[in-house]
$ cat upload.cif   # mmCIF, C-alpha atoms; chains and numbers go by the auth columns
data_final
loop_
_atom_site.group_PDB
_atom_site.id
_atom_site.type_symbol
_atom_site.label_atom_id
_atom_site.label_comp_id
_atom_site.label_asym_id
_atom_site.label_seq_id
_atom_site.Cartn_x
_atom_site.Cartn_y
_atom_site.Cartn_z
_atom_site.B_iso_or_equiv
_atom_site.auth_seq_id
_atom_site.auth_asym_id
ATOM 1 C CA MET A 1 40.240 0.856 43.066 0.00 1 A
ATOM 2 C CA ARG A 2 38.987 -2.415 41.597 0.00 2 A
ATOM 3 C CA SER A 3 35.728 -2.037 43.490 0.00 3 A
ATOM 4 C CA SER A 4 35.211 1.424 42.006 0.00 4 A
ATOM 5 C CA PHE A 5 35.886 0.102 38.498 0.00 5 A
ATOM 6 C CA VAL A 6 33.352 -2.700 38.932 0.00 6 A
ATOM 7 C CA SER A 7 30.811 -0.221 40.266 0.00 7 A
ATOM 8 C CA LEU A 8 31.295 1.984 37.213 0.00 8 A
ATOM 9 C CA LEU A 9 30.793 -1.003 34.906 0.00 9 A
ATOM 10 C CA LEU A 10 27.595 -1.993 36.696 0.00 10 A
ATOM 11 C CA LEU A 11 26.342 1.583 36.533 0.00 11 A
ATOM 12 C CA ALA A 12 27.075 1.789 32.807 0.00 12 A
ATOM 13 C CA TRP A 13 25.368 -1.556 32.178 0.00 13 A
ATOM 14 C CA SER A 14 22.279 -0.632 34.177 0.00 14 A
ATOM 15 C CA SER A 15 22.050 2.733 32.416 0.00 15 A
ATOM 16 C CA SER A 16 22.294 1.053 29.005 0.00 16 A
ATOM 17 C CA ALA A 17 19.705 -1.550 29.958 0.00 17 A
ATOM 18 C CA LEU A 18 17.344 1.133 31.255 0.00 18 A
ATOM 19 C CA SER A 19 17.901 3.238 28.150 0.00 19 A
ATOM 20 C CA SER A 20 17.236 0.247 25.886 0.00 20 A
ATOM 21 C CA SER A 21 14.119 -0.708 27.834 0.00 21 A
ATOM 22 C CA SER A 22 12.801 2.859 27.702 0.00 22 A
ATOM 23 C CA CYS A 23 13.606 3.054 24.004 0.00 23 A
ATOM 24 C CA GLU A 24 11.759 -0.181 23.205 0.00 24 A
ATOM 25 C CA GLY A 25 8.740 1.072 25.110 0.00 25 A
ATOM 26 C CA LEU A 26 8.290 4.052 22.789 0.00 26 A
ATOM 27 C CA LEU A 27 5.756 3.096 20.142 0.00 27 A
ATOM 28 C CA GLU A 28 7.117 5.575 17.610 0.00 28 A
ATOM 29 C CA ASN A 29 10.484 3.791 17.724 0.00 29 A
ATOM 30 C CA ARG A 30 9.072 0.399 16.754 0.00 30 A
ATOM 31 C CA CYS A 31 9.473 -0.971 13.228 0.00 31 A
ATOM 32 C CA ASN A 32 10.365 2.312 11.519 0.00 32 A
ATOM 33 C CA PHE A 33 13.506 1.007 9.760 0.00 33 A
ATOM 34 C CA ILE A 34 15.734 2.995 12.148 0.00 34 A
ATOM 35 C CA CYS A 35 17.788 1.506 14.986 0.00 35 A
ATOM 36 C CA ASP A 36 16.702 3.954 17.698 0.00 36 A
ATOM 37 C CA CYS A 37 17.935 1.642 20.473 0.00 37 A
ATOM 38 C CA TRP A 38 21.642 0.925 20.852 0.00 38 A
ATOM 39 C CA SER A 39 21.017 -2.796 20.243 0.00 39 A
ATOM 40 C CA CYS A 40 18.473 -2.202 17.441 0.00 40 A
ATOM 41 C CA SER A 41 16.023 -4.160 19.601 0.00 41 A
ATOM 42 C CA ASP A 42 13.243 -1.761 18.592 0.00 42 A
ATOM 43 C CA GLU A 43 13.380 -3.336 15.111 0.00 43 A
ATOM 44 C CA ARG A 44 13.051 -6.935 16.322 0.00 44 A
ATOM 45 C CA ASP A 45 10.201 -9.049 14.848 0.00 45 A
ATOM 46 C CA CYS A 46 9.219 -6.319 12.415 0.00 46 A
ATOM 47 C CA GLY A 47 9.023 -8.588 9.398 0.00 47 A
ATOM 48 C CA TYR A 48 12.811 -8.773 9.319 0.00 48 A
ATOM 49 C CA HIS A 49 15.446 -9.921 11.799 0.00 49 A
ATOM 50 C CA ARG A 50 18.806 -8.555 10.721 0.00 50 A
ATOM 51 C CA ASP A 51 19.959 -5.274 12.209 0.00 51 A
ATOM 52 C CA SER A 52 20.484 -2.555 9.626 0.00 52 A
ATOM 53 C CA PRO A 53 22.006 0.503 11.325 0.00 53 A
ATOM 54 C CA VAL A 54 23.498 1.824 8.083 0.00 54 A
ATOM 55 C CA TRP A 55 21.255 3.528 5.528 0.00 55 A
ATOM 56 C CA GLY A 56 21.165 1.475 2.353 0.00 56 A
ATOM 57 C CA ARG A 57 21.758 -1.887 4.018 0.00 57 A
ATOM 58 C CA PRO A 58 18.553 -3.937 3.791 0.00 58 A
ATOM 59 C CA PHE A 59 16.499 -5.206 6.683 0.00 59 A
ATOM 60 C CA SER A 60 15.746 -8.790 5.685 0.00 60 A
ATOM 61 C CA CYS A 61 14.153 -12.086 6.699 0.00 61 A
ATOM 62 C CA ASP A 62 15.327 -15.476 5.438 0.00 62 A
ATOM 63 C CA PHE A 63 12.991 -17.551 7.674 0.00 63 A
ATOM 64 C CA GLU A 64 15.891 -19.768 8.757 0.00 64 A
ATOM 65 C CA HIS A 65 15.173 -19.352 12.479 0.00 65 A
ATOM 66 C CA ASP A 66 11.630 -17.991 12.727 0.00 66 A
ATOM 67 C CA ASP A 67 8.917 -16.122 10.835 0.00 67 A
ATOM 68 C CA CYS A 68 10.308 -12.650 11.716 0.00 68 A
ATOM 69 C CA GLY A 69 6.885 -11.554 12.941 0.00 69 A
ATOM 70 C CA TRP A 70 4.951 -12.407 9.759 0.00 70 A
ATOM 71 C CA ARG A 71 1.540 -13.905 10.575 0.00 71 A
ATOM 72 C CA ASP A 72 -0.924 -16.004 8.604 0.00 72 A
ATOM 73 C CA ILE A 73 -4.359 -14.336 8.521 0.00 73 A
ATOM 74 C CA SER A 74 -6.063 -16.740 6.115 0.00 74 A
ATOM 75 C CA THR A 75 -9.719 -17.600 6.633 0.00 75 A
ATOM 76 C CA SER A 76 -9.640 -21.103 5.112 0.00 76 A
ATOM 77 C CA ASP A 77 -7.549 -24.265 5.353 0.00 77 A
ATOM 78 C CA TYR A 78 -5.284 -22.842 2.659 0.00 78 A
ATOM 79 C CA ARG A 79 -2.629 -21.150 4.807 0.00 79 A
ATOM 80 C CA TRP A 80 0.968 -19.934 4.975 0.00 80 A
ATOM 81 C CA VAL A 81 3.342 -22.125 6.992 0.00 81 A
ATOM 82 C CA ARG A 82 7.091 -22.123 7.549 0.00 82 A
ATOM 83 C CA ASP A 83 8.421 -25.174 5.719 0.00 83 A
ATOM 84 C CA GLN A 84 11.357 -26.937 4.049 0.00 84 A
ATOM 85 C CA ARG A 85 11.960 -28.803 0.793 0.00 85 A
ATOM 86 C CA SER A 86 9.546 -31.577 0.014 0.00 86 A
ATOM 87 C CA SER A 87 10.242 -35.114 -1.026 0.00 87 A
ATOM 88 C CA PRO A 88 9.886 -36.510 -3.674 0.00 88 A
ATOM 89 C CA LEU A 89 11.595 -34.050 -6.009 0.00 89 A
ATOM 90 C CA TRP A 90 9.044 -34.302 -8.838 0.00 90 A
ATOM 91 C CA THR A 91 6.427 -32.270 -6.960 0.00 91 A
ATOM 92 C CA SER A 92 5.832 -28.589 -7.719 0.00 92 A
ATOM 93 C CA ARG A 93 7.144 -27.502 -4.323 0.00 93 A
ATOM 94 C CA PRO A 94 10.612 -25.880 -4.090 0.00 94 A
ATOM 95 C CA HIS A 95 13.471 -28.378 -4.252 0.00 95 A
ATOM 96 C CA ALA A 96 15.581 -26.080 -2.051 0.00 96 A
ATOM 97 C CA ASP A 97 15.184 -22.795 -0.236 0.00 97 A
ATOM 98 C CA HIS A 98 16.565 -19.582 -1.756 0.00 98 A
ATOM 99 C CA THR A 99 18.883 -18.595 1.106 0.00 99 A
ATOM 100 C CA LEU A 100 20.989 -21.734 1.482 0.00 100 A
ATOM 101 C CA GLY A 101 20.073 -23.453 -1.760 0.00 101 A
ATOM 102 C CA ASN A 102 19.625 -26.835 -0.094 0.00 102 A
ATOM 103 C CA ARG A 103 16.970 -29.072 1.461 0.00 103 A
ATOM 104 C CA TRP A 104 17.642 -27.863 5.009 0.00 104 A
ATOM 105 C CA GLY A 105 16.785 -24.222 4.371 0.00 105 A
ATOM 106 C CA TRP A 106 13.452 -22.715 5.382 0.00 106 A
ATOM 107 C CA PHE A 107 10.853 -20.624 3.543 0.00 107 A
ATOM 108 C CA MET A 108 7.168 -19.713 3.796 0.00 108 A
ATOM 109 C CA MET A 109 4.791 -21.959 1.854 0.00 109 A
ATOM 110 C CA ALA A 110 1.082 -21.655 1.056 0.00 110 A
ATOM 111 C CA GLU A 111 -0.382 -25.067 1.842 0.00 111 A
ATOM 112 C CA GLY A 112 -3.816 -26.676 1.776 0.00 112 A
ATOM 113 C CA LYS A 113 -5.920 -29.171 -0.152 0.00 113 A
ATOM 114 C CA SER A 114 -7.725 -28.164 -3.330 0.00 114 A
ATOM 115 C CA GLY A 115 -11.426 -27.620 -2.766 0.00 115 A
ATOM 116 C CA LYS A 116 -14.525 -26.796 -4.776 0.00 116 A
ATOM 117 C CA SER A 117 -13.864 -23.063 -4.920 0.00 117 A
ATOM 118 C CA ALA A 118 -11.021 -20.592 -5.319 0.00 118 A
ATOM 119 C CA VAL A 119 -9.011 -19.922 -2.162 0.00 119 A
ATOM 120 C CA SER A 120 -6.465 -17.381 -0.940 0.00 120 A
ATOM 121 C CA ALA A 121 -3.757 -17.575 1.707 0.00 121 A
ATOM 122 C CA ARG A 122 -2.742 -14.259 3.285 0.00 122 A
ATOM 123 C CA LEU A 123 0.535 -13.527 5.061 0.00 123 A
ATOM 124 C CA GLN A 124 0.631 -10.254 7.008 0.00 124 A
ATOM 125 C CA SER A 125 3.608 -8.277 8.287 0.00 125 A
ATOM 126 C CA PRO A 126 3.727 -6.594 11.695 0.00 126 A
ATOM 127 C CA VAL A 127 2.735 -2.917 11.817 0.00 127 A
ATOM 128 C CA LEU A 128 5.480 -0.888 10.129 0.00 128 A
ATOM 129 C CA ARG A 129 5.944 2.878 10.265 0.00 129 A
ATOM 130 C CA ASP A 130 7.068 5.776 8.108 0.00 130 A
ATOM 131 C CA ALA A 131 8.666 4.410 4.955 0.00 131 A
ATOM 132 C CA ALA A 132 10.755 6.738 2.821 0.00 132 A
ATOM 133 C CA ALA A 133 9.920 7.518 -0.803 0.00 133 A
ATOM 134 C CA THR A 134 12.932 5.404 -1.798 0.00 134 A
ATOM 135 C CA CYS A 135 11.593 2.276 -0.069 0.00 135 A
ATOM 136 C CA GLU A 136 11.863 -1.000 -1.987 0.00 136 A
ATOM 137 C CA ILE A 137 10.546 -4.448 -1.091 0.00 137 A
ATOM 138 C CA HIS A 138 12.369 -7.399 -2.628 0.00 138 A
ATOM 139 C CA VAL A 139 10.572 -10.761 -2.549 0.00 139 A
ATOM 140 C CA HIS A 140 12.008 -14.034 -3.783 0.00 140 A
ATOM 141 C CA TYR A 141 9.135 -16.273 -4.777 0.00 141 A
ATOM 142 C CA HIS A 142 8.566 -19.757 -6.157 0.00 142 A
ATOM 143 C CA MET A 143 5.464 -20.522 -8.216 0.00 143 A
ATOM 144 C CA SER A 144 5.159 -23.854 -9.955 0.00 144 A
ATOM 145 C CA ALA A 145 2.666 -26.446 -11.210 0.00 145 A
ATOM 146 C CA SER A 146 3.880 -30.001 -11.758 0.00 146 A
ATOM 147 C CA ASP A 147 1.525 -30.793 -14.639 0.00 147 A
ATOM 148 C CA SER A 148 1.145 -27.479 -16.468 0.00 148 A
ATOM 149 C CA PRO A 149 3.210 -24.590 -17.897 0.00 149 A
ATOM 150 C CA ARG A 150 0.830 -22.214 -16.125 0.00 150 A
ATOM 151 C CA VAL A 151 -0.372 -21.912 -12.556 0.00 151 A
ATOM 152 C CA ASN A 152 -4.092 -21.288 -12.169 0.00 152 A
ATOM 153 C CA GLY A 153 -3.517 -18.577 -9.631 0.00 153 A
ATOM 154 C CA SER A 154 -1.173 -15.757 -8.683 0.00 154 A
ATOM 155 C CA LEU A 155 0.920 -14.212 -5.955 0.00 155 A
ATOM 156 C CA SER A 156 0.341 -10.575 -5.031 0.00 156 A
ATOM 157 C CA LEU A 157 1.679 -7.968 -2.603 0.00 157 A
ATOM 158 C CA HIS A 158 -0.596 -5.415 -0.957 0.00 158 A
ATOM 159 C CA LEU A 159 -0.108 -2.312 1.158 0.00 159 A
ATOM 160 C CA ALA A 160 -2.695 -1.752 3.891 0.00 160 A
ATOM 161 C CA ASP A 161 -3.031 1.357 6.041 0.00 161 A
ATOM 162 C CA ARG A 162 -5.862 2.623 8.220 0.00 162 A
ATOM 163 C CA THR A 163 -8.014 3.695 5.295 0.00 163 A
ATOM 164 C CA GLN A 164 -7.334 1.425 2.326 0.00 164 A
ATOM 165 C CA THR A 165 -5.579 -1.610 0.860 0.00 165 A
ATOM 166 C CA LEU A 166 -3.647 -1.181 -2.388 0.00 166 A
ATOM 167 C CA THR A 167 -2.232 -3.854 -4.688 0.00 167 A
ATOM 168 C CA LEU A 168 1.386 -2.934 -5.420 0.00 168 A
ATOM 169 C CA TRP A 169 2.402 -6.029 -7.382 0.00 169 A
ATOM 170 C CA GLU A 170 0.920 -9.182 -8.881 0.00 170 A
ATOM 171 C CA SER A 171 2.736 -12.066 -10.526 0.00 171 A
ATOM 172 C CA GLY A 172 1.939 -13.634 -13.846 0.00 172 A
ATOM 173 C CA GLN A 173 0.837 -17.265 -14.106 0.00 173 A
ATOM 174 C CA ASP A 174 3.921 -18.813 -15.699 0.00 174 A
ATOM 175 C CA SER A 175 5.082 -21.950 -13.916 0.00 175 A
ATOM 176 C CA ALA A 176 8.809 -22.396 -13.238 0.00 176 A
ATOM 177 C CA GLN A 177 10.716 -24.731 -10.929 0.00 177 A
ATOM 178 C CA THR A 178 13.032 -21.932 -9.822 0.00 178 A
ATOM 179 C CA TRP A 179 13.160 -18.944 -7.491 0.00 179 A
ATOM 180 C CA ARG A 180 12.319 -15.569 -9.016 0.00 180 A
ATOM 181 C CA ARG A 181 12.563 -12.063 -7.604 0.00 181 A
ATOM 182 C CA ALA A 182 9.950 -9.326 -7.456 0.00 182 A
ATOM 183 C CA LEU A 183 10.966 -5.709 -6.871 0.00 183 A
ATOM 184 C CA VAL A 184 8.205 -3.501 -5.462 0.00 184 A
ATOM 185 C CA PHE A 185 8.434 0.274 -4.932 0.00 185 A
ATOM 186 C CA THR A 186 6.175 1.505 -2.142 0.00 186 A
ATOM 187 C CA GLY A 187 6.656 5.269 -2.374 0.00 187 A
ATOM 188 C CA ARG A 188 6.508 7.465 0.725 0.00 188 A
ATOM 189 C CA ILE A 189 4.255 5.989 3.423 0.00 189 A
ATOM 190 C CA PRO A 190 3.563 8.231 6.431 0.00 190 A
ATOM 191 C CA GLY A 191 2.256 6.615 9.600 0.00 191 A
ATOM 192 C CA ASP A 192 1.370 2.980 10.215 0.00 192 A
ATOM 193 C CA PHE A 193 1.021 0.366 7.484 0.00 193 A
ATOM 194 C CA GLN A 194 1.273 -3.375 6.859 0.00 194 A
ATOM 195 C CA ILE A 195 2.357 -5.534 3.948 0.00 195 A
ATOM 196 C CA ILE A 196 0.196 -8.505 2.932 0.00 196 A
ATOM 197 C CA LEU A 197 1.343 -11.309 0.628 0.00 197 A
ATOM 198 C CA THR A 198 -1.545 -13.213 -0.950 0.00 198 A
ATOM 199 C CA ALA A 199 -1.382 -16.557 -2.754 0.00 199 A
ATOM 200 C CA SER A 200 -4.570 -17.143 -4.753 0.00 200 A
ATOM 201 C CA ARG A 201 -5.484 -20.248 -6.713 0.00 201 A
ATOM 202 C CA ASP A 202 -8.474 -21.720 -8.516 0.00 202 A
ATOM 203 C CA ALA A 203 -10.291 -24.799 -7.272 0.00 203 A
ATOM 204 C CA LEU A 204 -8.663 -27.016 -9.906 0.00 204 A
ATOM 205 C CA SER A 205 -5.157 -25.624 -9.468 0.00 205 A
ATOM 206 C CA HIS A 206 -2.353 -27.877 -8.267 0.00 206 A
ATOM 207 C CA GLY A 207 0.230 -25.107 -8.239 0.00 207 A
ATOM 208 C CA ASP A 208 2.336 -24.228 -5.219 0.00 208 A
ATOM 209 C CA PHE A 209 3.488 -20.830 -3.934 0.00 209 A
ATOM 210 C CA ALA A 210 6.442 -20.042 -1.660 0.00 210 A
ATOM 211 C CA VAL A 211 8.364 -16.923 -0.614 0.00 211 A
ATOM 212 C CA ASP A 212 11.836 -16.479 0.860 0.00 212 A
ATOM 213 C CA ASP A 213 14.438 -13.778 1.542 0.00 213 A
ATOM 214 C CA LEU A 214 12.181 -10.755 1.972 0.00 214 A
ATOM 215 C CA GLU A 215 14.132 -7.488 2.014 0.00 215 A
ATOM 216 C CA PHE A 216 13.231 -3.888 2.822 0.00 216 A
ATOM 217 C CA ARG A 217 15.772 -1.579 1.182 0.00 217 A
ATOM 218 C CA HIS A 218 16.222 2.198 1.490 0.00 218 A
ATOM 219 C CA CYS A 219 13.082 2.478 3.636 0.00 219 A
ATOM 220 C CA SER A 220 14.529 4.542 6.472 0.00 220 A
ATOM 221 C CA LEU A 221 13.853 8.275 6.775 0.00 221 A
ATOM 222 C CA GLN A 222 17.156 8.629 8.605 0.00 222 A
ATOM 223 C CA GLY A 223 19.564 10.870 6.749 0.00 223 A
ATOM 224 C CA ILE A 224 16.875 12.141 4.360 0.00 224 A
ATOM 225 C CA THR A 225 16.193 15.869 4.348 0.00 225 A
#
$ encode --input "upload.cif" --output "structure tokens"
Amino acid sequence: MRSSFVSLLLLAWSSSALSSSSCEGLLENRCNFICDCWSCSDERDCGYHRDSPVWGRPFSCDFEHDDCGWRDISTSDYRWVRDQRSSPLWTSRPHADHTLGNRWGWFMMAEGKSGKSAVSARLQSPVLRDAAATCEIHVHYHMSASDSPRVNGSLSLHLADRTQTLTLWESGQDSAQTWRRALVFTGRIPGDFQIILTASRDALSHGDFAVDDLEFRHCSLQGIT
């Protein structure tokens, strides 16, 4: 009797593992804001890391453990890196991350020495698929200059598909030693697309840019008719 019970458990486990493996192998199941696999493994490293099986609960990335699949695609020494609070405190870098609010928390930071020309650092998401018309992207960002009320540069968010790249949001240039939030509406996006965050600054700028706690809300087509 016990042997039969163990056999049934092994059969159930192997069936689930096979089902999950088959599910993950289907390209159309990857990064579409829907947990098609029982473990939601098809949504792993899609620019977010928390499972969100319920419509309305955001997929999010706080960068505490990894970069959630976001990748720096900059073409200069000015690049996005995963980082923590700097020392000393009088610099224009964040004094704490947004998630934990302390020096041990992690965020993404655009870093590089000032040169003789304007530079841009670009942070690209993995390939995402089929966003609903209700889709929102929430970005917490930090933009500060230690010696000026304005940053000679900006932070922007772009949507790229197979045919074009659109600017959906761009910050102002006001400097503030605090985290702020941007809310971006994408609209319905059929097929594959990527999100690109760009930090741009002039040659003479000493401002710093950071992002944390990225959230994708109401992006799933599940339950929408």
$ resolve_selection --input "upload.cif" --expression "the PyMOL selection byres ((chain A and resi 110) around 12)" --output "compact mmCIF listing (two decimals) with C-alpha atoms, keeping the file's coordinate frame"
# COMPACT_ATOMS: atom_id res chain seq x y z
CA ASP A 72 -0.92 -16.00 8.60
CA ILE A 73 -4.36 -14.34 8.52
CA SER A 74 -6.06 -16.74 6.12
CA SER A 76 -9.64 -21.10 5.11
CA ASP A 77 -7.55 -24.26 5.35
CA TYR A 78 -5.28 -22.84 2.66
CA ARG A 79 -2.63 -21.15 4.81
CA TRP A 80 0.97 -19.93 4.97
CA VAL A 81 3.34 -22.12 6.99
CA ARG A 82 7.09 -22.12 7.55
CA ASP A 83 8.42 -25.17 5.72
CA GLN A 84 11.36 -26.94 4.05
CA ARG A 93 7.14 -27.50 -4.32
CA PRO A 94 10.61 -25.88 -4.09
CA PHE A 107 10.85 -20.62 3.54
CA MET A 108 7.17 -19.71 3.80
CA MET A 109 4.79 -21.96 1.85
CA GLU A 111 -0.38 -25.07 1.84
CA GLY A 112 -3.82 -26.68 1.78
CA LYS A 113 -5.92 -29.17 -0.15
CA SER A 114 -7.72 -28.16 -3.33
CA VAL A 119 -9.01 -19.92 -2.16
CA SER A 120 -6.46 -17.38 -0.94
CA ALA A 121 -3.76 -17.58 1.71
CA ARG A 122 -2.74 -14.26 3.28
CA LEU A 123 0.54 -13.53 5.06
CA TYR A 141 9.14 -16.27 -4.78
CA HIS A 142 8.57 -19.76 -6.16
CA MET A 143 5.46 -20.52 -8.22
CA SER A 144 5.16 -23.85 -9.96
CA SER A 154 -1.17 -15.76 -8.68
CA LEU A 155 0.92 -14.21 -5.96
CA LEU A 197 1.34 -11.31 0.63
CA THR A 198 -1.54 -13.21 -0.95
CA ALA A 199 -1.38 -16.56 -2.75
CA SER A 200 -4.57 -17.14 -4.75
CA ARG A 201 -5.48 -20.25 -6.71
CA HIS A 206 -2.35 -27.88 -8.27
CA GLY A 207 0.23 -25.11 -8.24
CA ASP A 208 2.34 -24.23 -5.22
CA PHE A 209 3.49 -20.83 -3.93
CA ALA A 210 6.44 -20.04 -1.66
CA VAL A 211 8.36 -16.92 -0.61
CA ASP A 212 11.84 -16.48 0.86
$ atom_distance --input "upload.cif" --atom1 "CA of Ser171 (chain A)" --atom2 "CA of Ile195 (chain A)"
15.9 Å
$ resolve_selection --input "upload.cif" --expression "the PyMOL selection byres ((chain A and resi 35) around 10)" --output "list in words"
Asn29, Arg30, Cys31, Asn32, Phe33, Ile34, Asp36, Cys37, Trp38, Ser39, Cys40, Ser41, Asp42, Glu43, Arg44, Asp51, Ser52, Pro53, Val54, Ser220 and Gln222 of chain A
$ write_last_selection --input "upload.cif" --atoms "C-alpha atoms" --output "JSON list (two decimals), keeping the file's coordinate frame"
[["chain", "number", "residue", "atom", "x", "y", "z"],
["A", 29, "ASN", "CA", 10.48, 3.79, 17.72],
["A", 30, "ARG", "CA", 9.07, 0.40, 16.75],
["A", 31, "CYS", "CA", 9.47, -0.97, 13.23],
["A", 32, "ASN", "CA", 10.36, 2.31, 11.52],
["A", 33, "PHE", "CA", 13.51, 1.01, 9.76],
["A", 34, "ILE", "CA", 15.73, 3.00, 12.15],
["A", 36, "ASP", "CA", 16.70, 3.95, 17.70],
["A", 37, "CYS", "CA", 17.93, 1.64, 20.47],
["A", 38, "TRP", "CA", 21.64, 0.92, 20.85],
["A", 39, "SER", "CA", 21.02, -2.80, 20.24],
["A", 40, "CYS", "CA", 18.47, -2.20, 17.44],
["A", 41, "SER", "CA", 16.02, -4.16, 19.60],
["A", 42, "ASP", "CA", 13.24, -1.76, 18.59],
["A", 43, "GLU", "CA", 13.38, -3.34, 15.11],
["A", 44, "ARG", "CA", 13.05, -6.94, 16.32],
["A", 51, "ASP", "CA", 19.96, -5.27, 12.21],
["A", 52, "SER", "CA", 20.48, -2.56, 9.63],
["A", 53, "PRO", "CA", 22.01, 0.50, 11.32],
["A", 54, "VAL", "CA", 23.50, 1.82, 8.08],
["A", 220, "SER", "CA", 14.53, 4.54, 6.47],
["A", 222, "GLN", "CA", 17.16, 8.63, 8.60]]
$ atom_distance --input "upload.cif" --atom1 "CA of Phe185 (chain A)" --atom2 "CA of Cys46 (chain A)"
18.6 Å
$ resolve_selection --input "upload.cif" --expression "the PyMOL selection byres ((chain A and resi 67) around 9)" --output "compact mmCIF listing (two decimals) with C-alpha atoms, in the coordinates of the input"
# COMPACT_ATOMS: atom_id res chain seq x y z
CA ASP A 45 10.20 -9.05 14.85
CA GLY A 47 9.02 -8.59 9.40
CA TYR A 48 12.81 -8.77 9.32
CA CYS A 61 14.15 -12.09 6.70
CA ASP A 62 15.33 -15.48 5.44
CA PHE A 63 12.99 -17.55 7.67
CA GLU A 64 15.89 -19.77 8.76
CA HIS A 65 15.17 -19.35 12.48
CA ASP A 66 11.63 -17.99 12.73
CA CYS A 68 10.31 -12.65 11.72
CA GLY A 69 6.88 -11.55 12.94
CA TRP A 70 4.95 -12.41 9.76
CA ARG A 71 1.54 -13.90 10.58
CA ARG A 82 7.09 -22.12 7.55
CA PHE A 107 10.85 -20.62 3.54
CA MET A 108 7.17 -19.71 3.80
$ closest_residue --input "upload.cif" --among "A:Phe59, A:Gly153, A:Arg85, A:Ser92" --to "Trp106 (chain A)" --atoms "only C-alpha atoms"
A:Arg85
$ atom_distance --input "upload.cif" --atom1 "CA of Arg181 (chain A)" --atom2 "CA of His138 (chain A)"
6.8 Å
$ axis_aligned_box --input "upload.cif" --around "region 170-177 of chain A" --padding-each-side "8 Å" --output "lines of an AutoDock Vina configuration file"
center_x = 5.8
center_y = -17.0
center_z = -12.3
size_x = 25.9
size_y = 31.5
size_z = 22.8
$ closest_residue --input "upload.cif" --among "A:Gln177, A:Leu166, A:Leu214, A:Cys135" --to "Ser60 (chain A)" --atoms "all atoms listed in the file"
A:Leu214
$ closest_residue --input "upload.cif" --among "A:Thr134, A:Gly172, A:Ile189, A:Glu215" --to "Asn152 (chain A)" --atoms "all atoms listed in the file"
A:Gly172
$ residues_near_point --input "upload.cif" --point "(5.2, -6.0, -4.3)" --cutoff "10 Å" --atoms "all atoms listed in the file" --output "ChimeraX atom specification"
/A:136-139,155-159,167-171,182-186,195-197
$ write_last_selection --input "upload.cif" --atoms "C-alpha atoms" --output "short mmCIF file (atom, residue, chain, number, x, y, z; two decimals), keeping the file's coordinate frame"
data_model
loop_
_atom_site.label_atom_id
_atom_site.label_comp_id
_atom_site.auth_asym_id
_atom_site.auth_seq_id
_atom_site.Cartn_x
_atom_site.Cartn_y
_atom_site.Cartn_z
CA GLU A 136 11.86 -1.00 -1.99
CA ILE A 137 10.55 -4.45 -1.09
CA HIS A 138 12.37 -7.40 -2.63
CA VAL A 139 10.57 -10.76 -2.55
CA LEU A 155 0.92 -14.21 -5.96
CA SER A 156 0.34 -10.58 -5.03
CA LEU A 157 1.68 -7.97 -2.60
CA HIS A 158 -0.60 -5.42 -0.96
CA LEU A 159 -0.11 -2.31 1.16
CA THR A 167 -2.23 -3.85 -4.69
CA LEU A 168 1.39 -2.93 -5.42
CA TRP A 169 2.40 -6.03 -7.38
CA GLU A 170 0.92 -9.18 -8.88
CA SER A 171 2.74 -12.07 -10.53
CA ALA A 182 9.95 -9.33 -7.46
CA LEU A 183 10.97 -5.71 -6.87
CA VAL A 184 8.20 -3.50 -5.46
CA PHE A 185 8.43 0.27 -4.93
CA THR A 186 6.18 1.50 -2.14
CA ILE A 195 2.36 -5.53 3.95
CA ILE A 196 0.20 -8.51 2.93
CA LEU A 197 1.34 -11.31 0.63
#
$ closest_residue --input "upload.cif" --among "A:Arg150, A:Arg188, A:Arg180, A:His98" --to "Arg129 (chain A)" --atoms "all atoms listed in the file"
A:Arg188
$ closest_residue --input "upload.cif" --among "A:Gly187, A:His140, A:Val127, A:Ala133" --to "Arg162 (chain A)" --atoms "only C-alpha atoms"
A:Val127
$ decode --input "upload.cif" --residues "region 67-78 of chain A" --atoms "C-alpha atoms" --output "mmCIF file, in the first residue's frame"
data_model
loop_
_atom_site.group_PDB
_atom_site.id
_atom_site.type_symbol
_atom_site.label_atom_id
_atom_site.label_comp_id
_atom_site.auth_asym_id
_atom_site.auth_seq_id
_atom_site.Cartn_x
_atom_site.Cartn_y
_atom_site.Cartn_z
ATOM 1 C CA ASP A 67 18.611 42.592 -12.160
ATOM 2 C CA CYS A 68 15.413 40.659 -13.058
ATOM 3 C CA GLY A 69 16.618 40.264 -16.636
ATOM 4 C CA TRP A 70 17.220 43.970 -17.342
ATOM 5 C CA ARG A 71 20.376 44.486 -19.419
ATOM 6 C CA ASP A 72 22.640 47.464 -20.024
ATOM 7 C CA ILE A 73 22.962 48.180 -23.763
ATOM 8 C CA SER A 74 24.955 51.411 -23.518
ATOM 9 C CA THR A 75 27.621 52.145 -26.112
ATOM 10 C CA SER A 76 29.910 54.264 -23.908
ATOM 11 C CA ASP A 77 31.506 54.090 -20.465
ATOM 12 C CA TYR A 78 28.363 55.674 -19.046
#
